[in-house]
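Structure file upload-v4.pdb with PDB, C-alpha atoms:
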MODEL        1
ATOM      1  CA  MET L 177     -14.396 -20.457 -11.078  1.00  0.00           C
ATOM      2  CA  ALA L 178     -12.080 -18.738 -13.560  1.00  0.00           C
ATOM      3  CA  GLN L 179     -12.073 -20.167 -17.041  1.00  0.00           C
ATOM      4  CA  ASN L 180      -8.672 -21.804 -16.619  1.00  0.00           C
ATOM      5  CA  ASP L 181      -9.772 -23.409 -13.308  1.00  0.00           C
ATOM      6  CA  LEU L 182      -7.325 -21.332 -11.289  1.00  0.00           C
ATOM      7  CA  VAL L 183      -8.830 -20.822  -7.850  1.00  0.00           C
ATOM      8  CA  VAL L 184      -9.008 -17.097  -7.153  1.00  0.00           C
ATOM      9  CA  VAL L 185      -9.562 -15.264  -3.875  1.00  0.00           C
ATOM     10  CA  GLY L 186     -10.762 -11.687  -3.483  1.00  0.00           C
ATOM     11  CA  ILE L 187      -9.307  -9.823  -0.516  1.00  0.00           C
ATOM     12  CA  ASP L 188     -10.795  -6.658   0.943  1.00  0.00           C
ATOM     13  CA  VAL L 189      -8.037  -4.974   2.959  1.00  0.00           C
ATOM     14  CA  ALA L 190      -8.747  -2.698   5.908  1.00  0.00           C
ATOM     15  CA  LYS L 191      -6.435  -1.258   8.546  1.00  0.00           C
ATOM     16  CA  ASP L 192      -7.113  -3.887  11.191  1.00  0.00           C
ATOM     17  CA  LYS L 193      -8.354  -6.876   9.186  1.00  0.00           C
ATOM     18  CA  VAL L 194      -8.969  -8.434   5.791  1.00  0.00           C
ATOM     19  CA  ASP L 195     -12.150 -10.035   4.532  1.00  0.00           C
ATOM     20  CA  VAL L 196     -11.610 -12.767   1.949  1.00  0.00           C
ATOM     21  CA  CYS L 197     -13.902 -14.550  -0.447  1.00  0.00           C
ATOM     22  CA  ILE L 198     -13.401 -17.585  -2.683  1.00  0.00           C
ATOM     23  CA  ARG L 199     -16.518 -17.407  -4.839  1.00  0.00           C
ATOM     24  CA  ALA L 200     -15.821 -20.680  -6.614  1.00  0.00           C
ATOM     25  CA  LEU L 201     -15.960 -22.531  -3.288  1.00  0.00           C
ATOM     26  CA  SER L 202     -18.572 -20.298  -1.600  1.00  0.00           C
ATOM     27  CA  LEU L 203     -16.133 -19.556   1.227  1.00  0.00           C
ATOM     28  CA  LYS L 204     -15.688 -16.367   3.219  1.00  0.00           C
ATOM     29  CA  ARG L 205     -13.442 -15.585   6.169  1.00  0.00           C
ATOM     30  CA  THR L 206     -11.927 -12.696   8.076  1.00  0.00           C
ATOM     31  CA  PHE L 207      -8.341 -12.473   9.329  1.00  0.00           C
ATOM     32  CA  ALA L 208      -6.765 -10.012  11.743  1.00  0.00           C
ATOM     33  CA  SER L 209      -4.116  -7.648  10.403  1.00  0.00           C
ATOM     34  CA  SER L 210      -1.197  -9.183  12.257  1.00  0.00           C
ATOM     35  CA  ALA L 211       1.668 -11.555  11.628  1.00  0.00           C
ATOM     36  CA  GLU L 212      -0.461 -14.403  12.978  1.00  0.00           C
ATOM     37  CA  GLY L 213      -3.398 -13.334  10.809  1.00  0.00           C
ATOM     38  CA  ARG L 214      -1.220 -13.392   7.698  1.00  0.00           C
ATOM     39  CA  ARG L 215       0.069 -16.860   8.580  1.00  0.00           C
ATOM     40  CA  GLU L 216      -3.488 -18.105   9.098  1.00  0.00           C
ATOM     41  CA  LEU L 217      -4.576 -16.630   5.762  1.00  0.00           C
ATOM     42  CA  THR L 218      -1.769 -18.172   3.731  1.00  0.00           C
ATOM     43  CA  SER L 219      -2.258 -21.560   5.400  1.00  0.00           C
ATOM     44  CA  TRP L 220      -5.998 -21.448   4.705  1.00  0.00           C
ATOM     45  CA  LEU L 221      -5.501 -20.425   1.075  1.00  0.00           C
ATOM     46  CA  ARG L 222      -3.031 -23.259   0.539  1.00  0.00           C
ATOM     47  CA  ARG L 223      -5.594 -25.743   1.836  1.00  0.00           C
ATOM     48  CA  GLN L 224      -8.123 -24.363  -0.643  1.00  0.00           C
ATOM     49  CA  LYS L 225      -5.519 -24.606  -3.433  1.00  0.00           C
ATOM     50  CA  VAL L 226      -5.809 -20.912  -4.257  1.00  0.00           C
ATOM     51  CA  GLY L 227      -3.453 -19.837  -7.029  1.00  0.00           C
ATOM     52  CA  LYS L 228      -4.204 -16.132  -7.313  1.00  0.00           C
ATOM     53  CA  ALA L 229      -5.139 -13.414  -4.832  1.00  0.00           C
ATOM     54  CA  VAL L 230      -6.569 -10.085  -5.927  1.00  0.00           C
ATOM     55  CA  MET L 231      -6.836  -7.028  -3.708  1.00  0.00           C
ATOM     56  CA  GLU L 232      -7.319  -3.314  -4.138  1.00  0.00           C
ATOM     57  CA  ALA L 233      -4.626  -0.748  -3.557  1.00  0.00           C
ATOM     58  CA  SER L 234      -5.552   0.581  -0.128  1.00  0.00           C
ATOM     59  CA  GLY L 235      -3.107   3.225   0.983  1.00  0.00           C
ATOM     60  CA  GLY L 236      -0.322   0.782   1.764  1.00  0.00           C
ATOM     61  CA  TYR L 237      -2.272  -1.539   4.059  1.00  0.00           C
ATOM     62  CA  GLU L 238      -2.153  -4.177   1.330  1.00  0.00           C
ATOM     63  CA  ARG L 239       1.649  -4.390   1.214  1.00  0.00           C
ATOM     64  CA  GLU L 240       2.302  -6.792   4.103  1.00  0.00           C
ATOM     65  CA  TRP L 241      -0.512  -9.055   2.937  1.00  0.00           C
ATOM     66  CA  ALA L 242       0.852  -9.099  -0.603  1.00  0.00           C
ATOM     67  CA  LYS L 243       4.339  -9.860   0.678  1.00  0.00           C
ATOM     68  CA  ALA L 244       3.090 -12.794   2.758  1.00  0.00           C
ATOM     69  CA  LEU L 245       1.087 -14.234  -0.126  1.00  0.00           C
ATOM     70  CA  ARG L 246       3.957 -13.966  -2.573  1.00  0.00           C
ATOM     71  CA  ALA L 247       6.212 -15.721  -0.073  1.00  0.00           C
ATOM     72  CA  ALA L 248       3.637 -18.522  -0.071  1.00  0.00           C
ATOM     73  CA  LYS L 249       3.939 -18.764  -3.893  1.00  0.00           C
ATOM     74  CA  ILE L 250       0.480 -17.312  -4.471  1.00  0.00           C
ATOM     75  CA  GLU L 251       0.218 -14.877  -7.364  1.00  0.00           C
ATOM     76  CA  VAL L 252      -0.847 -11.438  -6.199  1.00  0.00           C
ATOM     77  CA  ARG L 253      -2.608  -8.849  -8.301  1.00  0.00           C
ATOM     78  CA  ILE L 254      -3.181  -5.374  -6.883  1.00  0.00           C
ATOM     79  CA  VAL L 255      -5.857  -3.441  -8.747  1.00  0.00           C
ATOM     80  CA  ASP L 256      -7.179   0.087  -8.828  1.00  0.00           C
ATOM     81  CA  PRO L 257     -10.385   0.333  -6.730  1.00  0.00           C
ATOM     82  CA  LYS L 258     -11.918   2.456  -9.495  1.00  0.00           C
ATOM     83  CA  ARG L 259     -11.703  -0.485 -11.901  1.00  0.00           C
ATOM     84  CA  VAL L 260     -13.537  -2.783  -9.503  1.00  0.00           C
ATOM     85  CA  ARG L 261     -16.213  -0.167  -8.802  1.00  0.00           C
ATOM     86  CA  SER L 262     -16.731   0.579 -12.501  1.00  0.00           C
ATOM     87  CA  PHE L 263     -17.029  -3.133 -13.252  1.00  0.00           C
ATOM     88  CA  ALA L 264     -19.557  -3.715 -10.464  1.00  0.00           C
ATOM     89  CA  GLN L 265     -21.631  -0.674 -11.390  1.00  0.00           C
ATOM     90  CA  SER L 266     -21.691  -1.616 -15.076  1.00  0.00           C
ATOM     91  CA  ALA L 267     -22.938  -5.066 -14.074  1.00  0.00           C
ATOM     92  CA  GLY L 268     -25.682  -3.510 -11.968  1.00  0.00           C
ATOM     93  CA  ARG L 269     -24.310  -5.004  -8.759  1.00  0.00           C
ATOM     94  CA  LEU L 270     -23.170  -1.870  -6.985  1.00  0.00           C
ATOM     95  CA  ALA L 271     -24.951   1.382  -6.201  1.00  0.00           C
ATOM     96  CA  LYS L 272     -23.075   4.685  -6.092  1.00  0.00           C
ATOM     97  CA  ASN L 273     -22.504   4.719  -2.342  1.00  0.00           C
ATOM     98  CA  ASP L 274     -22.163   0.973  -1.769  1.00  0.00           C
ATOM     99  CA  THR L 275     -18.850  -0.325  -0.481  1.00  0.00           C
ATOM    100  CA  ILE L 276     -16.801  -2.838  -2.417  1.00  0.00           C
ATOM    101  CA  ASP L 277     -16.466  -6.132  -0.574  1.00  0.00           C
ATOM    102  CA  ALA L 278     -14.280  -9.202  -0.967  1.00  0.00           C
ATOM    103  CA  GLU L 279     -16.904 -11.027  -3.025  1.00  0.00           C
ATOM    104  CA  MET L 280     -17.037  -8.166  -5.503  1.00  0.00           C
ATOM    105  CA  ILE L 281     -13.252  -8.164  -5.805  1.00  0.00           C
ATOM    106  CA  ALA L 282     -13.282 -11.937  -6.365  1.00  0.00           C
ATOM    107  CA  TRP L 283     -15.941 -11.587  -9.051  1.00  0.00           C
ATOM    108  CA  PHE L 284     -13.880  -8.908 -10.785  1.00  0.00           C
ATOM    109  CA  ALA L 285     -10.777 -11.122 -10.574  1.00  0.00           C
ATOM    110  CA  GLU L 286     -12.564 -14.087 -12.116  1.00  0.00           C
ATOM    111  CA  THR L 287     -14.064 -11.983 -14.899  1.00  0.00           C
ATOM    112  CA  PHE L 288     -10.718 -10.477 -15.845  1.00  0.00           C
ATOM    113  CA  ASP L 289      -8.662 -13.542 -15.054  1.00  0.00           C
ATOM    114  CA  GLU L 290      -6.752 -13.332 -18.325  1.00  0.00           C
ATOM    115  CA  ALA L 291      -5.053 -10.105 -17.228  1.00  0.00           C
ATOM    116  CA  GLN L 292      -1.551 -10.552 -15.935  1.00  0.00           C
ATOM    117  CA  GLY L 293      -0.836 -10.118 -12.267  1.00  0.00           C
ATOM    118  CA  GLN L 294       1.173  -7.113 -11.181  1.00  0.00           C
ATOM    119  CA  ALA L 295       4.807  -8.080 -10.970  1.00  0.00           C
ATOM    120  CA  TYR L 296       6.442  -7.460  -7.626  1.00  0.00           C
ATOM    121  CA  ASP L 297       9.372  -5.085  -7.787  1.00  0.00           C
ATOM    122  CA  ALA L 298      11.236  -4.987  -4.479  1.00  0.00           C
ATOM    123  CA  ALA L 299      13.414  -2.033  -5.486  1.00  0.00           C
ATOM    124  CA  ARG L 300      10.438   0.046  -6.590  1.00  0.00           C
ATOM    125  CA  GLU L 301       8.606  -0.824  -3.374  1.00  0.00           C
ATOM    126  CA  LYS L 302      11.611   0.288  -1.329  1.00  0.00           C
ATOM    127  CA  LEU L 303      11.828   3.529  -3.290  1.00  0.00           C
ATOM    128  CA  HIS L 304       8.140   4.182  -2.729  1.00  0.00           C
ATOM    129  CA  GLN L 305       8.542   3.691   1.018  1.00  0.00           C
ATOM    130  CA  LEU L 306      11.611   5.933   1.195  1.00  0.00           C
ATOM    131  CA  VAL L 307       9.880   8.743  -0.690  1.00  0.00           C
ATOM    132  CA  ASN L 308       6.785   8.434   1.492  1.00  0.00           C
ATOM    133  CA  ALA L 309       8.898   8.545   4.653  1.00  0.00           C
ATOM    134  CA  ARG L 310      10.683  11.650   3.408  1.00  0.00           C
ATOM    135  CA  GLN L 311       7.386  13.363   2.672  1.00  0.00           C
ATOM    136  CA  ALA L 312       6.034  12.461   6.108  1.00  0.00           C
ATOM    137  CA  LEU L 313       9.031  14.147   7.741  1.00  0.00           C
ATOM    138  CA  LYS L 314       8.607  17.221   5.581  1.00  0.00           C
ATOM    139  CA  ASP L 315       4.933  17.409   6.503  1.00  0.00           C
ATOM    140  CA  LEU L 316       5.890  17.253  10.168  1.00  0.00           C
ATOM    141  CA  HIS L 317       8.381  20.068   9.619  1.00  0.00           C
ATOM    142  CA  VAL L 318       5.696  22.222   8.014  1.00  0.00           C
ATOM    143  CA  SER L 319       3.356  21.504  10.925  1.00  0.00           C
ATOM    144  CA  LEU L 320       5.977  22.685  13.406  1.00  0.00           C
ATOM    145  CA  GLU L 321       6.620  25.824  11.363  1.00  0.00           C
ATOM    146  CA  ASN L 322       2.920  26.614  11.292  1.00  0.00           C
ATOM    147  CA  GLN L 323       2.743  26.325  15.056  1.00  0.00           C
ATOM    148  CA  GLY L 324       5.697  28.678  15.272  1.00  0.00           C
ATOM    149  CA  GLU L 325       3.649  31.440  13.681  1.00  0.00           C
ATOM    150  CA  HIS L 326       1.978  31.906  17.047  1.00  0.00           C
ATOM    151  CA  LYS L 327       3.638  32.909  20.279  1.00  0.00           C
ATOM    152  CA  LEU L 328       4.777  29.831  22.156  1.00  0.00           C
ATOM    153  CA  PRO L 329       6.417  29.326  25.535  1.00  0.00           C
ATOM    154  CA  PRO L 330      10.245  29.339  25.252  1.00  0.00           C
ATOM    155  CA  ALA L 331      10.422  25.681  26.282  1.00  0.00           C
ATOM    156  CA  VAL L 332       8.106  24.722  23.405  1.00  0.00           C
ATOM    157  CA  GLU L 333      10.089  26.818  20.920  1.00  0.00           C
ATOM    158  CA  ARG L 334      13.311  25.122  22.021  1.00  0.00           C
ATOM    159  CA  ALA L 335      11.707  21.682  21.670  1.00  0.00           C
ATOM    160  CA  HIS L 336      10.469  22.560  18.184  1.00  0.00           C
ATOM    161  CA  ALA L 337      13.930  23.805  17.240  1.00  0.00           C
ATOM    162  CA  ARG L 338      15.532  20.531  18.328  1.00  0.00           C
ATOM    163  CA  ILE L 339      12.955  18.475  16.477  1.00  0.00           C
ATOM    164  CA  SER L 340      13.278  20.595  13.318  1.00  0.00           C
ATOM    165  CA  LYS L 341      17.034  20.179  13.349  1.00  0.00           C
ATOM    166  CA  THR L 342      16.669  16.407  13.637  1.00  0.00           C
ATOM    167  CA  ILE L 343      14.118  16.357  10.823  1.00  0.00           C
ATOM    168  CA  ASN L 344      16.489  18.231   8.511  1.00  0.00           C
ATOM    169  CA  VAL L 345      19.220  15.696   9.234  1.00  0.00           C
ATOM    170  CA  GLU L 346      16.943  12.687   8.701  1.00  0.00           C
ATOM    171  CA  VAL L 347      15.469  14.095   5.477  1.00  0.00           C
ATOM    172  CA  GLY L 348      18.998  14.476   4.156  1.00  0.00           C
ATOM    173  CA  LYS L 349      19.769  10.860   5.007  1.00  0.00           C
ATOM    174  CA  LEU L 350      16.631   9.641   3.255  1.00  0.00           C
ATOM    175  CA  GLU L 351      17.404  11.704   0.155  1.00  0.00           C
ATOM    176  CA  ALA L 352      20.885  10.184   0.036  1.00  0.00           C
ATOM    177  CA  GLU L 353      19.356   6.707   0.334  1.00  0.00           C
ATOM    178  CA  ILE L 354      16.856   7.453  -2.436  1.00  0.00           C
ATOM    179  CA  SER L 355      19.582   8.761  -4.709  1.00  0.00           C
ATOM    180  CA  ALA L 356      21.800   5.739  -4.070  1.00  0.00           C
ATOM    181  CA  LEU L 357      18.946   3.337  -4.774  1.00  0.00           C
ATOM    182  CA  ILE L 358      18.106   5.031  -8.067  1.00  0.00           C
ATOM    183  CA  GLN L 359      21.743   4.989  -9.194  1.00  0.00           C
ATOM    184  CA  ALA L 360      22.164   1.330  -8.213  1.00  0.00           C
ATOM    185  CA  THR L 361      18.987   0.032  -9.851  1.00  0.00           C
ATOM    186  CA  ALA L 362      18.768  -0.643 -13.570  1.00  0.00           C
ATOM    187  CA  GLY L 363      15.783   1.016 -15.193  1.00  0.00           C
ATOM    188  CA  PHE L 364      15.489   3.692 -12.518  1.00  0.00           C
ATOM    189  CA  SER L 365      17.210   6.446 -14.460  1.00  0.00           C
ATOM    190  CA  GLU L 366      13.874   8.047 -15.315  1.00  0.00           C
ATOM    191  CA  LEU L 367      13.118   8.248 -11.608  1.00  0.00           C
ATOM    192  CA  ALA L 368      16.099  10.488 -10.969  1.00  0.00           C
ATOM    193  CA  GLU L 369      13.670  13.367 -11.437  1.00  0.00           C
ATOM    194  CA  ILE L 370      12.287  12.474  -8.022  1.00  0.00           C
ATOM    195  CA  ILE L 371      15.494  13.772  -6.481  1.00  0.00           C
ATOM    196  CA  ARG L 372      16.065  16.719  -8.801  1.00  0.00           C
ATOM    197  CA  GLU L 373      12.535  18.025  -8.316  1.00  0.00           C
ATOM    198  CA  LEU L 374      12.434  17.612  -4.548  1.00  0.00           C
ATOM    199  CA  PRO L 375      12.751  21.006  -2.845  1.00  0.00           C
ATOM    200  CA  ALA L 376      15.363  21.220  -0.142  1.00  0.00           C
ATOM    201  CA  PRO L 377      13.890  21.010   3.357  1.00  0.00           C
ATOM    202  CA  PRO L 378      13.639  24.414   5.046  1.00  0.00           C
ATOM    203  CA  GLN L 379      16.570  24.939   7.353  1.00  0.00           C
ATOM    204  CA  LEU L 380      16.261  25.920  10.954  1.00  0.00           C
ATOM    205  CA  ARG L 381      16.381  29.642  11.401  1.00  0.00           C
TER     206      ARG L 381
ENDMDL
END
Before anything else, please render the file you have as structure tokens.
Amino acid sequence: MAQNDLVVVGIDVAKDKVDVCIRALSLKRTFASSAEGRRELTSWLRRQKVGKAVMEASGGYEREWAKALRAAKIEVRIVDPKRVRSFAQSAGRLAKNDTIDAEMIAWFAETFDEAQGQAYDAAREKLHQLVNARQALKDLHVSLENQGEHKLPPAVERAHARISKTINVEVGKLEAEISALIQATAGFSELAEIIRELPAPPQLR
């Protein structure tokens, strides 16, 4: 157990499930990535009197889990997978191609228990999601343009034109939302560069 007797759980997040490990209690479980799975996890952790949950950043899959845990008053710390891997390798517990599991994350969390948990910033999370959504639309636009470099049936070209027009409109809406959020949130002034440096979406020809 951590030096201050805080019960810590390591959580290995995947797309469709999470594996969890409470090393101090020699407990391991798996929960489905669903609303019911998150409820089961938080209820189980409460029964074990867990005070801190540590998980790796995993491409966004960790967000709903972190949100559910914070709502249950459990401290959440999201760490860089490279830190966990470096720690495990330096301790001789992980080979180069081995995968990091929940027990390894829990061990890392207990070893570095004195480090502060990552504070949750709802506004920054919203900004991150808005920017990601904008980029996804722009990527889709580029994909359609690339397909247009080859001769397509007229019906397909018309469909692409309609979709491209809609994408341009939706990108504009997202950029307006991003700009408004930055202006309305204290401490976000430095993030205004996100808007100024974003290239305008290519317009339909």
**Asked** How would you write, as number ranges by chain, the residues chosen by the PyMOL selection byres ((chain L and resi 196-198) around 7) on this structure?
**Response** L: 184-188, 194-195, 199-206, 278-279, 282
**Message:** Give me, as a ChimeraX atom specification, all polymer residues having an atom no more than 10 Å from Ser234 in chain L, counting all atoms listed in the file and skipping those fewer than 4 positions away in the same chain.
**Reply:** /L:188-191,238-239,254-257
**Asked** So how many Å separate CA of Glu346 in chain L and CA of Arg310 in chain L, to one decimal?
**Response**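 Computed distance, CA of Glu346 in chain L to CA of Arg310 in chain L, equals 8.3 Å.
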**Request:** Find the residues near range 243-246 of chain L: any atom within 12 Å, counting all atoms listed in the file, skip ones fewer than 3 places away on the same chain, and give them as a PyMOL selection string.
**Result:** chain L and resi 185+187+209-222+226-231+236-240+249-254+293-298+301
**Request:** Go through L:Gln224, L:Lys327, L:Val318, L:Thr361 one by one, measure the shortest atom-to-atom distance of each to Ile343 in chain L using only C-alpha atoms, and give the residue with the smallest value.
**Result:**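 Answer, going by the shortest atom-to-atom distance: L:Val318.
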**Asked** What is the distance between CA of Asp192 in chain L and CA of Ala208 in chain L, in Å to one decimal?
**Response** 6.2 Å
**Item:** the PyMOL selection byres ((chain L and resi 259) around 12) applied to the shown file, residues as a count of residues only
**Value:** 21
**Message:** Rounded to one decimal, what separation in Å do you get between CA of Arg269 in chain L and CA of Trp241 in chain L?
**Reply:**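 Spanning CA of Arg269 in chain L to CA of Trp241 in chain L is a straight-line distance of 26.8 Å.
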**Message:** Which residues would end up in the selection if the PyMOL selection byres ((chain L and resi 324) around 12) were applied here, given that I need the answer as a list in words?
**Reply:** His317, Val318, Ser319, Leu320, Glu321, Asn322, Gln323, Glu325, His326, Lys327, Leu328, Pro329, Pro330, Val332, Glu333, Arg334, Ala335, His336, Ala337, Ser340, Leu380 and Arg381 of chain L
